[in-house]
Every structure is written in structure tokens, then in C-alpha cells.
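K.L.:
Can you keep this structure in mind? I'll have questions shortly.
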Amino acid sequence: MRTSWIMFDFGEREVAHWFPGHMAKGLKQMRDSLRKVDCIIEIHDARISFLLNPSFQESLDVRPHILLLNKLDLADTSKKQSILKQLDREGVRNVLFTDCLRQRDENVKRIVPLVTELIGSGSRFHREEDRSYCLMVVGVPNVGKSSLINAVRRTYLKKGKASKVGGEPGITKAVLTKIQVCERPIIYLLDTPGVLPPRIENIETGMKLALCGTILDHLVGEDVIADYLLFSLNRRERFSYIEKYNLEEPSDDIQHVLKCIAVKLGKTKRVKAITGVGNITVQLPDYSAAAYDFIRAFRKGELGKVMLD
């Protein structure tokens with residue numbers, strides 16, 4: 001394995017912090033609404049299953065807790081048992097792997113029975129007389145909270161979308177929207193905006209979050225994300241990008257890879273060049289468009305199933 005595949009050079013980069021006002025407001029209202037909540041469903045991207053948000057553990061861990069590792073269609077399923085063992089050692093149990101975009105996901109069907117079991121085995125305090133259950137869905141941005149709500153509604157109420165789904169972080173900004181998802185028993189889910197930790201612990205954690213789309217790309221830079229993606233693929237010896245973009249062999253030169261991507265996709269831009277006989281217009285590879293396509297291909301699973309833990 002090449003040395004450049006073992007260590008990524010972060011240079012003088014700092015962690016991108018993205019904790020806008022609606023996140024701070026959302027976290028506060030989540031805390032304030034715990035009296036109305038019977039169970040917490042925390043949802044994460046299965047590719048970064050260990051990057052749990054300490055804000056949730058510190059503030060919301062006073063209720064029964066289920067951890068959903070979503071986007072299983074994009075993750076390496078051979079790692080499931082090792083992930084479960086590691087989480088168990090850390091005291092995290094009641095874990096389900098889901099793919100909430102599938103029309104019928106077997107683990108989505110397990111959510112309601114697991115919820116009712118957990119709630120029934122403990123005290124509901126002042127909610128004992130309320131026959132309906134209220135669950136709060138929490139997670140970092142763009143991990144599928146709205147997709148989960150739609151999937152549970154589809155499974156138990158046979159109804160369509162109730163929450164808007166998007167491919168970038170920050171789609172859900174409304175705080176604590178209450179949505180019914182089941183009739184027997186009556187269950188409501190509280191949809192919440194994605195909340196990142198107020199401070200990301202280190203630059204590599206930030207890069208993994210950015211690569212999975214939980215931080216807006218422009219805050220990190222698509223060129224930087226693409227470079228880290230190439231490093232991550234090479235480090236794990238996932239070389240599907242070679243055939244996809246017509247490279248001859250693995251490369252750790254992001255400029256070379258982006259040039260090949262631009263050529264393959266016909267992504268060019270016209271640039272004026274100054275010469276001794278006047279200005280001329282030349283066609284150059286569009287590296288920005290190539291970086292965007294490279295990142296998008298990873299997020300759609302076109303570069304193989306990869307775990308970033």
C-alpha cells in the first residue's frame with residue numbers, strides 16, 4: 001500500500017463548523033419537549049456509524065433509545081456484526097440497520113414492535129393514561145430522518161410522503177413537526193431539523209461528515225472533499241473509479257483523476273488566455289464539475305459500498 005494512502009495531508013485546514021440558528025433552536029426545543037416523548041429514535045448514516053452526536057447522548061438519553069443506521073444500501077454489509085459488537089461495548093443497544101428509501105424494508109417493520117416493547121417495559125411517568133405514543137426522531141443533517149417518517153407511514157398507514165426529502169443538509173428546518181405514522185397503536189413521530197455537534201472533534205471526523213453530505217459542500221470545498229474521497233477509496237482498496245472514469249491505474253493525484261473525469265464526461269469550460277498576438281479562447285477541463293460528479297457518484301453508491309469508520 002502506498003504511503004500516501006495511509007495518511008491524508010490535511011495541511012493547515014480547520015474543521016468546518018456549521019451550527020446555524022435553526023440547529024441551536026432545534027436542540028433547545030428537543031430538550032424542552034422531552035416530557036411529551038416516550039422514545040427517542042436516533043438515526044445515522046450506516047457508513048459513519050460510530051460518529052454519534054454527543055449532544056443527543058447528553059441531552060436526550062433519559063428516554064428509551066433506538067439507534068437506526070440508515071442508508072444500508074450504500075454501506076458495506078459485511079461489517080454489520082463488527083459494528084454491532086463495537087456499539088454494544090459502548091453501551092449502545094437496540095440497533096437496527098435500515099434502507100428507508102426502499103418500498104419495503106424489513107427492519108422498518110421492526111421499529112413499531114421494538115418501540116412498543118421498550119415503552120411497555122418502563123415507566124411512562126405522567127403519560128401513563130395517554131394511549132398514544134410519541135417518538136422523537138433525531139440525527140445529524142441528511143441521514144434520512146424524513147425518509148424514515150415517510151417509510152413508517154407507508155408501512156403502517158399505507159400513506160405517502162408527509163415530510164419533504166432532499167439530497168442536501170438543511171432541508172428540514174421546522175422544529176418538532178408532529179406526524180402520525182401508525183394507527184394501532186396510535187404513534188406520532190416528531191420530525192426535527194438535523195443537528196451537528198456544536199464543535200466537531202477533529203478534522204477527519206469533519207471530512208467524513210462532509211463526504212456523506214451532512215455538512216454543506218461549500219463550507220468545506222468540493223475540491224477538498226473530492227481529494228479526501230480519493231484518499232478514502234485508495235486506502236480501502238476500492239478501485240471502481242478506475243474503470244468508471246477510464247483511468248489506467250489507481251492514482252493519488254486528485255488533479256489527474258479530476259482531469260480524467262472531466263474528459264470522460266465532456267466537462268469543459270471556455271477560458272480566455274493572453275498570448276503575444278492577442279487574446280484567445282481555449283477549452284480546459286472543468287475541475288469543479290468533475291469534483292461534483294465524483295462526490296455525487298460516491299453518495300449514490302456508484303463507487304461501491306464503503307464504510308468510513
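Each chain in the C-alpha cells gets a letter, A, B, ..., in the order shown, and its residues are numbered from 1; ligands are numbered from 1 in order too.
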I'd like the neighbourhood of Ser78 in chain A as a count of residues only, where a residue qualifies if any of its atoms comes within 12 Å (using only C-alpha atoms), though same-chain residues fewer than 3 positions away should be ignored.
P.N.:
10
K.L.:
List the spatial neighbours of Lys259 in chain A as a list in words - criterion: any atom at most 12 Å away, only C-alpha atoms, same-chain residues fewer than 5 positions off excluded.
P.N.:
Tyr245, Asn246, Leu247, Ser251, Asp253, Ile254, Lys264, Leu265, Gly266, Lys267, Thr268, Leu284, Pro285, Asp286, Tyr287, Ser288, Ala289, Ala290, Ala291, Asp293 and Phe294 of chain A
K.L.:
Keeping N, CA and C atoms for every residue in the selection just given, could you write it to a file as a short mmCIF file (atom, residue, chain, number, x, y, z; two decimals), in the first residue's frame?
P.N.:
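So out_3.cif came out as:
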data_model
loop_
_atom_site.label_atom_id
_atom_site.label_comp_id
_atom_site.auth_asym_id
_atom_site.auth_seq_id
_atom_site.Cartn_x
_atom_site.Cartn_y
_atom_site.Cartn_z
N TYR A 245 -14.07 5.88 -14.75
CA TYR A 245 -13.60 7.12 -15.36
C TYR A 245 -12.44 6.92 -16.33
N ASN A 246 -12.25 5.67 -16.75
CA ASN A 246 -11.25 5.35 -17.79
C ASN A 246 -9.82 5.69 -17.38
N LEU A 247 -9.46 5.45 -16.12
CA LEU A 247 -8.07 5.60 -15.71
C LEU A 247 -7.31 4.31 -16.03
N SER A 251 -4.65 6.09 -8.67
CA SER A 251 -3.86 7.32 -8.61
C SER A 251 -4.16 8.05 -7.31
N ASP A 253 -3.25 11.31 -7.24
CA ASP A 253 -3.19 12.68 -7.73
C ASP A 253 -4.60 13.14 -8.09
N ILE A 254 -5.23 13.92 -7.23
CA ILE A 254 -6.61 14.30 -7.46
C ILE A 254 -6.78 15.14 -8.72
N LYS A 264 -13.86 12.27 -19.56
CA LYS A 264 -14.85 11.20 -19.74
C LYS A 264 -16.25 11.77 -19.89
N LEU A 265 -16.57 12.78 -19.09
CA LEU A 265 -17.92 13.33 -19.08
C LEU A 265 -18.11 14.51 -20.03
N GLY A 266 -17.01 14.93 -20.68
CA GLY A 266 -17.10 16.08 -21.58
C GLY A 266 -17.34 17.38 -20.85
N LYS A 267 -16.82 17.48 -19.62
CA LYS A 267 -16.99 18.68 -18.80
C LYS A 267 -15.81 19.63 -19.06
N THR A 268 -16.06 20.67 -19.83
CA THR A 268 -15.02 21.66 -20.13
C THR A 268 -15.58 23.06 -19.93
N LEU A 284 -10.72 24.17 -21.44
CA LEU A 284 -9.98 23.49 -20.38
C LEU A 284 -10.91 22.56 -19.61
N PRO A 285 -10.36 21.52 -19.00
CA PRO A 285 -11.21 20.65 -18.16
C PRO A 285 -11.86 21.45 -17.04
N ASP A 286 -13.12 21.16 -16.78
CA ASP A 286 -13.83 21.81 -15.70
C ASP A 286 -13.65 20.98 -14.43
N TYR A 287 -12.65 21.33 -13.65
CA TYR A 287 -12.32 20.54 -12.46
C TYR A 287 -13.44 20.60 -11.41
N SER A 288 -14.12 21.72 -11.31
CA SER A 288 -15.20 21.84 -10.33
C SER A 288 -16.36 20.91 -10.67
N ALA A 289 -16.73 20.87 -11.94
CA ALA A 289 -17.81 19.97 -12.36
C ALA A 289 -17.40 18.52 -12.16
N ALA A 290 -16.12 18.21 -12.41
CA ALA A 290 -15.63 16.85 -12.23
C ALA A 290 -15.66 16.45 -10.75
N ALA A 291 -15.26 17.37 -9.87
CA ALA A 291 -15.28 17.09 -8.43
C ALA A 291 -16.71 16.84 -7.97
N ASP A 293 -19.21 15.66 -9.72
CA ASP A 293 -19.67 14.36 -10.20
C ASP A 293 -19.03 13.22 -9.40
N PHE A 294 -17.76 13.35 -9.06
CA PHE A 294 -17.04 12.33 -8.29
C PHE A 294 -17.71 12.15 -6.92
#
K.L.:
I need the residues in range 61-284 of chain A that are alpha helix (DSSP H) according to DSSP; give them as a PDB file with N, CA and C atoms, in the first residue's frame.
P.N.:
ATOM      1  N   LYS A  80     -21.513  -5.468   9.407  1.00  0.00           N
ATOM      2  CA  LYS A  80     -22.618  -5.269  10.338  1.00  0.00           C
ATOM      3  C   LYS A  80     -22.350  -5.856  11.725  1.00  0.00           C
ATOM      4  N   GLN A  81     -21.881  -7.080  11.788  1.00  0.00           N
ATOM      5  CA  GLN A  81     -21.682  -7.727  13.086  1.00  0.00           C
ATOM      6  C   GLN A  81     -20.590  -7.046  13.898  1.00  0.00           C
ATOM      7  N   SER A  82     -19.516  -6.640  13.248  1.00  0.00           N
ATOM      8  CA  SER A  82     -18.442  -5.957  13.980  1.00  0.00           C
ATOM      9  C   SER A  82     -18.915  -4.605  14.494  1.00  0.00           C
ATOM     10  N   ILE A  83     -19.769  -3.931  13.723  1.00  0.00           N
ATOM     11  CA  ILE A  83     -20.336  -2.646  14.163  1.00  0.00           C
ATOM     12  C   ILE A  83     -21.218  -2.860  15.388  1.00  0.00           C
ATOM     13  N   LEU A  84     -22.078  -3.878  15.346  1.00  0.00           N
ATOM     14  CA  LEU A  84     -22.965  -4.152  16.471  1.00  0.00           C
ATOM     15  C   LEU A  84     -22.178  -4.491  17.737  1.00  0.00           C
ATOM     16  N   LYS A  85     -21.102  -5.258  17.589  1.00  0.00           N
ATOM     17  CA  LYS A  85     -20.282  -5.621  18.748  1.00  0.00           C
ATOM     18  C   LYS A  85     -19.608  -4.391  19.342  1.00  0.00           C
ATOM     19  N   GLN A  86     -19.083  -3.515  18.467  1.00  0.00           N
ATOM     20  CA  GLN A  86     -18.426  -2.309  18.951  1.00  0.00           C
ATOM     21  C   GLN A  86     -19.415  -1.392  19.664  1.00  0.00           C
ATOM     22  N   LEU A  87     -20.600  -1.220  19.082  1.00  0.00           N
ATOM     23  CA  LEU A  87     -21.618  -0.381  19.708  1.00  0.00           C
ATOM     24  C   LEU A  87     -22.064  -0.977  21.044  1.00  0.00           C
ATOM     25  N   ASP A  88     -22.172  -2.308  21.107  1.00  0.00           N
ATOM     26  CA  ASP A  88     -22.564  -2.960  22.353  1.00  0.00           C
ATOM     27  C   ASP A  88     -21.535  -2.717  23.450  1.00  0.00           C
ATOM     28  N   ARG A  89     -20.252  -2.751  23.071  1.00  0.00           N
ATOM     29  CA  ARG A  89     -19.197  -2.478  24.055  1.00  0.00           C
ATOM     30  C   ARG A  89     -19.305  -1.054  24.595  1.00  0.00           C
ATOM     31  N   GLU A 106     -37.566  -4.606   5.645  1.00  0.00           N
ATOM     32  CA  GLU A 106     -37.976  -5.472   6.749  1.00  0.00           C
ATOM     33  C   GLU A 106     -37.671  -4.857   8.114  1.00  0.00           C
ATOM     34  N   ASN A 107     -36.563  -4.146   8.225  1.00  0.00           N
ATOM     35  CA  ASN A 107     -36.221  -3.561   9.519  1.00  0.00           C
ATOM     36  C   ASN A 107     -37.091  -2.366   9.872  1.00  0.00           C
ATOM     37  N   VAL A 108     -37.645  -1.688   8.864  1.00  0.00           N
ATOM     38  CA  VAL A 108     -38.621  -0.622   9.157  1.00  0.00           C
ATOM     39  C   VAL A 108     -39.836  -1.230   9.849  1.00  0.00           C
ATOM     40  N   LYS A 109     -40.219  -2.435   9.437  1.00  0.00           N
ATOM     41  CA  LYS A 109     -41.356  -3.120  10.057  1.00  0.00           C
ATOM     42  C   LYS A 109     -41.074  -3.491  11.511  1.00  0.00           C
ATOM     43  N   ILE A 111     -39.579  -1.547  13.689  1.00  0.00           N
ATOM     44  CA  ILE A 111     -39.487  -0.359  14.548  1.00  0.00           C
ATOM     45  C   ILE A 111     -40.645  -0.278  15.532  1.00  0.00           C
ATOM     46  N   VAL A 112     -41.885  -0.406  15.041  1.00  0.00           N
ATOM     47  CA  VAL A 112     -43.045  -0.269  15.928  1.00  0.00           C
ATOM     48  C   VAL A 112     -43.076  -1.353  17.008  1.00  0.00           C
ATOM     49  N   PRO A 113     -42.870  -2.647  16.680  1.00  0.00           N
ATOM     50  CA  PRO A 113     -42.824  -3.654  17.749  1.00  0.00           C
ATOM     51  C   PRO A 113     -41.720  -3.379  18.774  1.00  0.00           C
ATOM     52  N   LEU A 114     -40.555  -2.924  18.321  1.00  0.00           N
ATOM     53  CA  LEU A 114     -39.463  -2.639  19.252  1.00  0.00           C
ATOM     54  C   LEU A 114     -39.814  -1.442  20.134  1.00  0.00           C
ATOM     55  N   VAL A 115     -40.408  -0.424  19.540  1.00  0.00           N
ATOM     56  CA  VAL A 115     -40.812   0.762  20.306  1.00  0.00           C
ATOM     57  C   VAL A 115     -41.821   0.383  21.392  1.00  0.00           C
ATOM     58  N   THR A 116     -42.842  -0.360  21.019  1.00  0.00           N
ATOM     59  CA  THR A 116     -43.876  -0.717  21.992  1.00  0.00           C
ATOM     60  C   THR A 116     -43.302  -1.598  23.105  1.00  0.00           C
ATOM     61  N   GLU A 117     -42.356  -2.465  22.767  1.00  0.00           N
ATOM     62  CA  GLU A 117     -41.714  -3.301  23.783  1.00  0.00           C
ATOM     63  C   GLU A 117     -40.913  -2.453  24.766  1.00  0.00           C
ATOM     64  N   LEU A 118     -40.122  -1.513  24.237  1.00  0.00           N
ATOM     65  CA  LEU A 118     -39.290  -0.675  25.098  1.00  0.00           C
ATOM     66  C   LEU A 118     -40.142   0.225  25.994  1.00  0.00           C
ATOM     67  N   ILE A 119     -41.176   0.828  25.413  1.00  0.00           N
ATOM     68  CA  ILE A 119     -42.029   1.717  26.203  1.00  0.00           C
ATOM     69  C   ILE A 119     -42.794   0.925  27.256  1.00  0.00           C
ATOM     70  N   GLY A 120     -43.274  -0.269  26.869  1.00  0.00           N
ATOM     71  CA  GLY A 120     -44.052  -1.086  27.792  1.00  0.00           C
ATOM     72  C   GLY A 120     -43.252  -1.640  28.948  1.00  0.00           C
ATOM     73  N   LYS A 145     -33.895  11.244   8.152  1.00  0.00           N
ATOM     74  CA  LYS A 145     -34.959  11.340   9.161  1.00  0.00           C
ATOM     75  C   LYS A 145     -36.329  11.455   8.484  1.00  0.00           C
ATOM     76  N   SER A 146     -36.439  12.326   7.503  1.00  0.00           N
ATOM     77  CA  SER A 146     -37.715  12.490   6.803  1.00  0.00           C
ATOM     78  C   SER A 146     -38.066  11.230   6.015  1.00  0.00           C
ATOM     79  N   SER A 147     -37.061  10.579   5.448  1.00  0.00           N
ATOM     80  CA  SER A 147     -37.305   9.325   4.722  1.00  0.00           C
ATOM     81  C   SER A 147     -37.813   8.246   5.665  1.00  0.00           C
ATOM     82  N   LEU A 148     -37.301   8.226   6.898  1.00  0.00           N
ATOM     83  CA  LEU A 148     -37.780   7.267   7.894  1.00  0.00           C
ATOM     84  C   LEU A 148     -39.260   7.496   8.187  1.00  0.00           C
ATOM     85  N   ILE A 149     -39.635   8.746   8.440  1.00  0.00           N
ATOM     86  CA  ILE A 149     -41.035   9.057   8.743  1.00  0.00           C
ATOM     87  C   ILE A 149     -41.932   8.623   7.589  1.00  0.00           C
ATOM     88  N   ASN A 150     -41.513   8.922   6.368  1.00  0.00           N
ATOM     89  CA  ASN A 150     -42.309   8.531   5.207  1.00  0.00           C
ATOM     90  C   ASN A 150     -42.390   7.007   5.077  1.00  0.00           C
ATOM     91  N   ALA A 151     -41.287   6.303   5.395  1.00  0.00           N
ATOM     92  CA  ALA A 151     -41.265   4.842   5.288  1.00  0.00           C
ATOM     93  C   ALA A 151     -42.184   4.198   6.319  1.00  0.00           C
ATOM     94  N   VAL A 152     -42.185   4.720   7.554  1.00  0.00           N
ATOM     95  CA  VAL A 152     -43.066   4.156   8.591  1.00  0.00           C
ATOM     96  C   VAL A 152     -44.524   4.421   8.242  1.00  0.00           C
ATOM     97  N   ARG A 153     -44.837   5.619   7.768  1.00  0.00           N
ATOM     98  CA  ARG A 153     -46.214   5.930   7.325  1.00  0.00           C
ATOM     99  C   ARG A 153     -46.635   5.015   6.188  1.00  0.00           C
ATOM    100  N   ARG A 154     -45.721   4.795   5.263  1.00  0.00           N
ATOM    101  CA  ARG A 154     -46.018   3.930   4.118  1.00  0.00           C
ATOM    102  C   ARG A 154     -46.295   2.500   4.581  1.00  0.00           C
ATOM    103  N   THR A 155     -45.560   2.052   5.592  1.00  0.00           N
ATOM    104  CA  THR A 155     -45.685   0.673   6.074  1.00  0.00           C
ATOM    105  C   THR A 155     -46.952   0.469   6.891  1.00  0.00           C
ATOM    106  N   TYR A 156     -47.275   1.425   7.783  1.00  0.00           N
ATOM    107  CA  TYR A 156     -48.357   1.198   8.743  1.00  0.00           C
ATOM    108  C   TYR A 156     -49.652   1.939   8.428  1.00  0.00           C
ATOM    109  N   ILE A 203     -10.484  17.172  12.442  1.00  0.00           N
ATOM    110  CA  ILE A 203     -10.650  17.446  11.026  1.00  0.00           C
ATOM    111  C   ILE A 203     -11.108  16.219  10.251  1.00  0.00           C
ATOM    112  N   GLU A 204     -10.628  15.025  10.636  1.00  0.00           N
ATOM    113  CA  GLU A 204     -11.017  13.829   9.884  1.00  0.00           C
ATOM    114  C   GLU A 204     -12.489  13.497  10.114  1.00  0.00           C
ATOM    115  N   THR A 205     -12.967  13.669  11.330  1.00  0.00           N
ATOM    116  CA  THR A 205     -14.398  13.495  11.582  1.00  0.00           C
ATOM    117  C   THR A 205     -15.208  14.447  10.713  1.00  0.00           C
ATOM    118  N   GLY A 206     -14.776  15.692  10.649  1.00  0.00           N
ATOM    119  CA  GLY A 206     -15.455  16.675   9.812  1.00  0.00           C
ATOM    120  C   GLY A 206     -15.461  16.278   8.349  1.00  0.00           C
ATOM    121  N   MET A 207     -14.350  15.708   7.864  1.00  0.00           N
ATOM    122  CA  MET A 207     -14.269  15.301   6.465  1.00  0.00           C
ATOM    123  C   MET A 207     -15.201  14.128   6.173  1.00  0.00           C
ATOM    124  N   LYS A 208     -15.311  13.193   7.103  1.00  0.00           N
ATOM    125  CA  LYS A 208     -16.218  12.059   6.911  1.00  0.00           C
ATOM    126  C   LYS A 208     -17.669  12.538   6.863  1.00  0.00           C
ATOM    127  N   LEU A 209     -18.006  13.465   7.758  1.00  0.00           N
ATOM    128  CA  LEU A 209     -19.351  14.031   7.748  1.00  0.00           C
ATOM    129  C   LEU A 209     -19.622  14.762   6.432  1.00  0.00           C
ATOM    130  N   ALA A 210     -18.627  15.520   5.969  1.00  0.00           N
ATOM    131  CA  ALA A 210     -18.786  16.258   4.707  1.00  0.00           C
ATOM    132  C   ALA A 210     -18.933  15.308   3.530  1.00  0.00           C
ATOM    133  N   LEU A 211     -18.144  14.244   3.530  1.00  0.00           N
ATOM    134  CA  LEU A 211     -18.180  13.286   2.423  1.00  0.00           C
ATOM    135  C   LEU A 211     -19.548  12.625   2.312  1.00  0.00           C
ATOM    136  N   ASP A 217     -21.468  21.393   1.150  1.00  0.00           N
ATOM    137  CA  ASP A 217     -20.202  21.218   0.434  1.00  0.00           C
ATOM    138  C   ASP A 217     -19.363  22.484   0.394  1.00  0.00           C
ATOM    139  N   HIS A 218     -20.015  23.632   0.196  1.00  0.00           N
ATOM    140  CA  HIS A 218     -19.232  24.855   0.007  1.00  0.00           C
ATOM    141  C   HIS A 218     -18.507  25.285   1.285  1.00  0.00           C
ATOM    142  N   LEU A 219     -18.943  24.778   2.438  1.00  0.00           N
ATOM    143  CA  LEU A 219     -18.255  25.127   3.682  1.00  0.00           C
ATOM    144  C   LEU A 219     -16.912  24.439   3.809  1.00  0.00           C
ATOM    145  N   VAL A 220     -16.770  23.314   3.109  1.00  0.00           N
ATOM    146  CA  VAL A 220     -15.508  22.566   3.135  1.00  0.00           C
ATOM    147  C   VAL A 220     -14.735  22.776   1.839  1.00  0.00           C
ATOM    148  N   GLU A 222     -15.577  21.588  -2.487  1.00  0.00           N
ATOM    149  CA  GLU A 222     -15.738  20.337  -3.223  1.00  0.00           C
ATOM    150  C   GLU A 222     -14.403  19.752  -3.651  1.00  0.00           C
ATOM    151  N   ASP A 223     -13.409  20.602  -3.898  1.00  0.00           N
ATOM    152  CA  ASP A 223     -12.096  20.085  -4.268  1.00  0.00           C
ATOM    153  C   ASP A 223     -11.465  19.317  -3.110  1.00  0.00           C
ATOM    154  N   VAL A 224     -11.650  19.812  -1.895  1.00  0.00           N
ATOM    155  CA  VAL A 224     -11.103  19.143  -0.710  1.00  0.00           C
ATOM    156  C   VAL A 224     -11.848  17.836  -0.447  1.00  0.00           C
ATOM    157  N   ILE A 225     -13.174  17.868  -0.564  1.00  0.00           N
ATOM    158  CA  ILE A 225     -13.963  16.655  -0.351  1.00  0.00           C
ATOM    159  C   ILE A 225     -13.589  15.594  -1.377  1.00  0.00           C
ATOM    160  N   ALA A 226     -13.428  15.996  -2.639  1.00  0.00           N
ATOM    161  CA  ALA A 226     -13.046  15.049  -3.690  1.00  0.00           C
ATOM    162  C   ALA A 226     -11.676  14.439  -3.406  1.00  0.00           C
ATOM    163  N   ASP A 227     -10.738  15.253  -2.931  1.00  0.00           N
ATOM    164  CA  ASP A 227      -9.399  14.764  -2.592  1.00  0.00           C
ATOM    165  C   ASP A 227      -9.467  13.737  -1.464  1.00  0.00           C
ATOM    166  N   TYR A 228     -10.275  14.036  -0.434  1.00  0.00           N
ATOM    167  CA  TYR A 228     -10.410  13.097   0.681  1.00  0.00           C
ATOM    168  C   TYR A 228     -11.137  11.828   0.242  1.00  0.00           C
ATOM    169  N   LEU A 229     -12.091  11.951  -0.664  1.00  0.00           N
ATOM    170  CA  LEU A 229     -12.777  10.779  -1.202  1.00  0.00           C
ATOM    171  C   LEU A 229     -11.795   9.865  -1.914  1.00  0.00           C
ATOM    172  N   LEU A 230     -10.944  10.438  -2.755  1.00  0.00           N
ATOM    173  CA  LEU A 230      -9.952   9.632  -3.468  1.00  0.00           C
ATOM    174  C   LEU A 230      -9.038   8.917  -2.475  1.00  0.00           C
ATOM    175  N   PHE A 231      -8.581   9.625  -1.447  1.00  0.00           N
ATOM    176  CA  PHE A 231      -7.758   9.022  -0.404  1.00  0.00           C
ATOM    177  C   PHE A 231      -8.502   7.867   0.273  1.00  0.00           C
ATOM    178  N   SER A 232      -9.774   8.082   0.600  1.00  0.00           N
ATOM    179  CA  SER A 232     -10.562   7.065   1.303  1.00  0.00           C
ATOM    180  C   SER A 232     -10.749   5.817   0.451  1.00  0.00           C
ATOM    181  N   LEU A 233     -11.012   5.994  -0.834  1.00  0.00           N
ATOM    182  CA  LEU A 233     -11.174   4.843  -1.722  1.00  0.00           C
ATOM    183  C   LEU A 233      -9.868   4.068  -1.860  1.00  0.00           C
ATOM    184  N   ASN A 234      -8.770   4.779  -2.066  1.00  0.00           N
ATOM    185  CA  ASN A 234      -7.473   4.113  -2.215  1.00  0.00           C
ATOM    186  C   ASN A 234      -7.074   3.387  -0.932  1.00  0.00           C
ATOM    187  N   ARG A 235      -7.304   4.027   0.192  1.00  0.00           N
ATOM    188  CA  ARG A 235      -6.925   3.439   1.476  1.00  0.00           C
ATOM    189  C   ARG A 235      -7.640   2.114   1.710  1.00  0.00           C
ATOM    190  N   SER A 240     -13.046   1.002  -7.985  1.00  0.00           N
ATOM    191  CA  SER A 240     -14.050   1.016  -9.056  1.00  0.00           C
ATOM    192  C   SER A 240     -13.993   2.308  -9.865  1.00  0.00           C
ATOM    193  N   TYR A 241     -13.432   3.364  -9.281  1.00  0.00           N
ATOM    194  CA  TYR A 241     -13.350   4.639 -10.017  1.00  0.00           C
ATOM    195  C   TYR A 241     -12.439   4.522 -11.237  1.00  0.00           C
ATOM    196  N   ILE A 242     -11.512   3.563 -11.240  1.00  0.00           N
ATOM    197  CA  ILE A 242     -10.578   3.412 -12.366  1.00  0.00           C
ATOM    198  C   ILE A 242     -11.345   3.088 -13.638  1.00  0.00           C
ATOM    199  N   GLU A 243     -12.206   2.063 -13.570  1.00  0.00           N
ATOM    200  CA  GLU A 243     -12.975   1.680 -14.751  1.00  0.00           C
ATOM    201  C   GLU A 243     -14.045   2.714 -15.081  1.00  0.00           C
ATOM    202  N   LYS A 244     -14.675   3.251 -14.033  1.00  0.00           N
ATOM    203  CA  LYS A 244     -15.769   4.195 -14.273  1.00  0.00           C
ATOM    204  C   LYS A 244     -15.298   5.423 -15.041  1.00  0.00           C
ATOM    205  N   ILE A 254      -5.229  13.922  -7.233  1.00  0.00           N
ATOM    206  CA  ILE A 254      -6.613  14.303  -7.455  1.00  0.00           C
ATOM    207  C   ILE A 254      -6.777  15.140  -8.719  1.00  0.00           C
ATOM    208  N   GLN A 255      -5.783  15.954  -9.065  1.00  0.00           N
ATOM    209  CA  GLN A 255      -5.890  16.748 -10.287  1.00  0.00           C
ATOM    210  C   GLN A 255      -5.925  15.859 -11.523  1.00  0.00           C
ATOM    211  N   HIS A 256      -5.108  14.811 -11.518  1.00  0.00           N
ATOM    212  CA  HIS A 256      -5.106  13.864 -12.639  1.00  0.00           C
ATOM    213  C   HIS A 256      -6.448  13.145 -12.729  1.00  0.00           C
ATOM    214  N   VAL A 257      -6.974  12.707 -11.588  1.00  0.00           N
ATOM    215  CA  VAL A 257      -8.248  11.988 -11.579  1.00  0.00           C
ATOM    216  C   VAL A 257      -9.375  12.900 -12.056  1.00  0.00           C
ATOM    217  N   LEU A 258      -9.401  14.135 -11.564  1.00  0.00           N
ATOM    218  CA  LEU A 258     -10.459  15.059 -11.975  1.00  0.00           C
ATOM    219  C   LEU A 258     -10.365  15.395 -13.465  1.00  0.00           C
ATOM    220  N   LYS A 259      -9.148  15.475 -13.973  1.00  0.00           N
ATOM    221  CA  LYS A 259      -8.983  15.720 -15.408  1.00  0.00           C
ATOM    222  C   LYS A 259      -9.564  14.563 -16.215  1.00  0.00           C
ATOM    223  N   CYS A 260      -9.305  13.318 -15.768  1.00  0.00           N
ATOM    224  CA  CYS A 260      -9.846  12.142 -16.457  1.00  0.00           C
ATOM    225  C   CYS A 260     -11.367  12.128 -16.389  1.00  0.00           C
ATOM    226  N   ILE A 261     -11.917  12.523 -15.236  1.00  0.00           N
ATOM    227  CA  ILE A 261     -13.372  12.575 -15.086  1.00  0.00           C
ATOM    228  C   ILE A 261     -13.961  13.615 -16.030  1.00  0.00           C
ATOM    229  N   ALA A 262     -13.327  14.790 -16.098  1.00  0.00           N
ATOM    230  CA  ALA A 262     -13.817  15.858 -16.968  1.00  0.00           C
ATOM    231  C   ALA A 262     -13.786  15.419 -18.432  1.00  0.00           C
ATOM    232  N   VAL A 263     -12.713  14.739 -18.828  1.00  0.00           N
ATOM    233  CA  VAL A 263     -12.599  14.262 -20.211  1.00  0.00           C
ATOM    234  C   VAL A 263     -13.671  13.216 -20.490  1.00  0.00           C
ATOM    235  N   LYS A 264     -13.861  12.269 -19.557  1.00  0.00           N
ATOM    236  CA  LYS A 264     -14.849  11.201 -19.739  1.00  0.00           C
ATOM    237  C   LYS A 264     -16.255  11.775 -19.886  1.00  0.00           C
ATOM    238  N   LEU A 265     -16.571  12.781 -19.086  1.00  0.00           N
ATOM    239  CA  LEU A 265     -17.918  13.330 -19.077  1.00  0.00           C
ATOM    240  C   LEU A 265     -18.105  14.508 -20.035  1.00  0.00           C
TER     241      LEU A 265
END
K.L.:
Can you list, as number ranges by chain, every protein, DNA or RNA residue that comes within 7 Å of Cys134 in chain A when you count only C-alpha atoms, leaving out same-chain residues fewer than 3 positions away?
P.N.:
A: 36-39, 187-189
K.L.:
Just give me the gap between CA of Arg93 in chain A and CA of Gly26 in chain A in Å, one decimal is fine.
P.N.:
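Interatomic distance, CA of Arg93 in chain A to CA of Gly26 in chain A: 25.3 Å.
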K.L.:
Work out how far CA of Ser123 in chain A is from CA of His65 in chain A, in Å to one decimal.
P.N.:
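Between CA of His65 in chain A and CA of Ser123 in chain A the gap works out to 13.9 Å.
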K.L.:
Could you go through range 41-212 of chain A and tell me which residues DSSP, when run on the backbone, assigns to strand (DSSP E), listing them as a PyMOL selection string?
P.N.:
chain A and resi 41-45+65-70+95-97+133-139+177-182+187-191
K.L.:
So how far away is CA of Ile295 in chain A from CA of Gly221 in chain A, in Å?
P.N.:
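Answer for the CA of Gly221 in chain A to CA of Ile295 in chain A separation: 11.3 Å.
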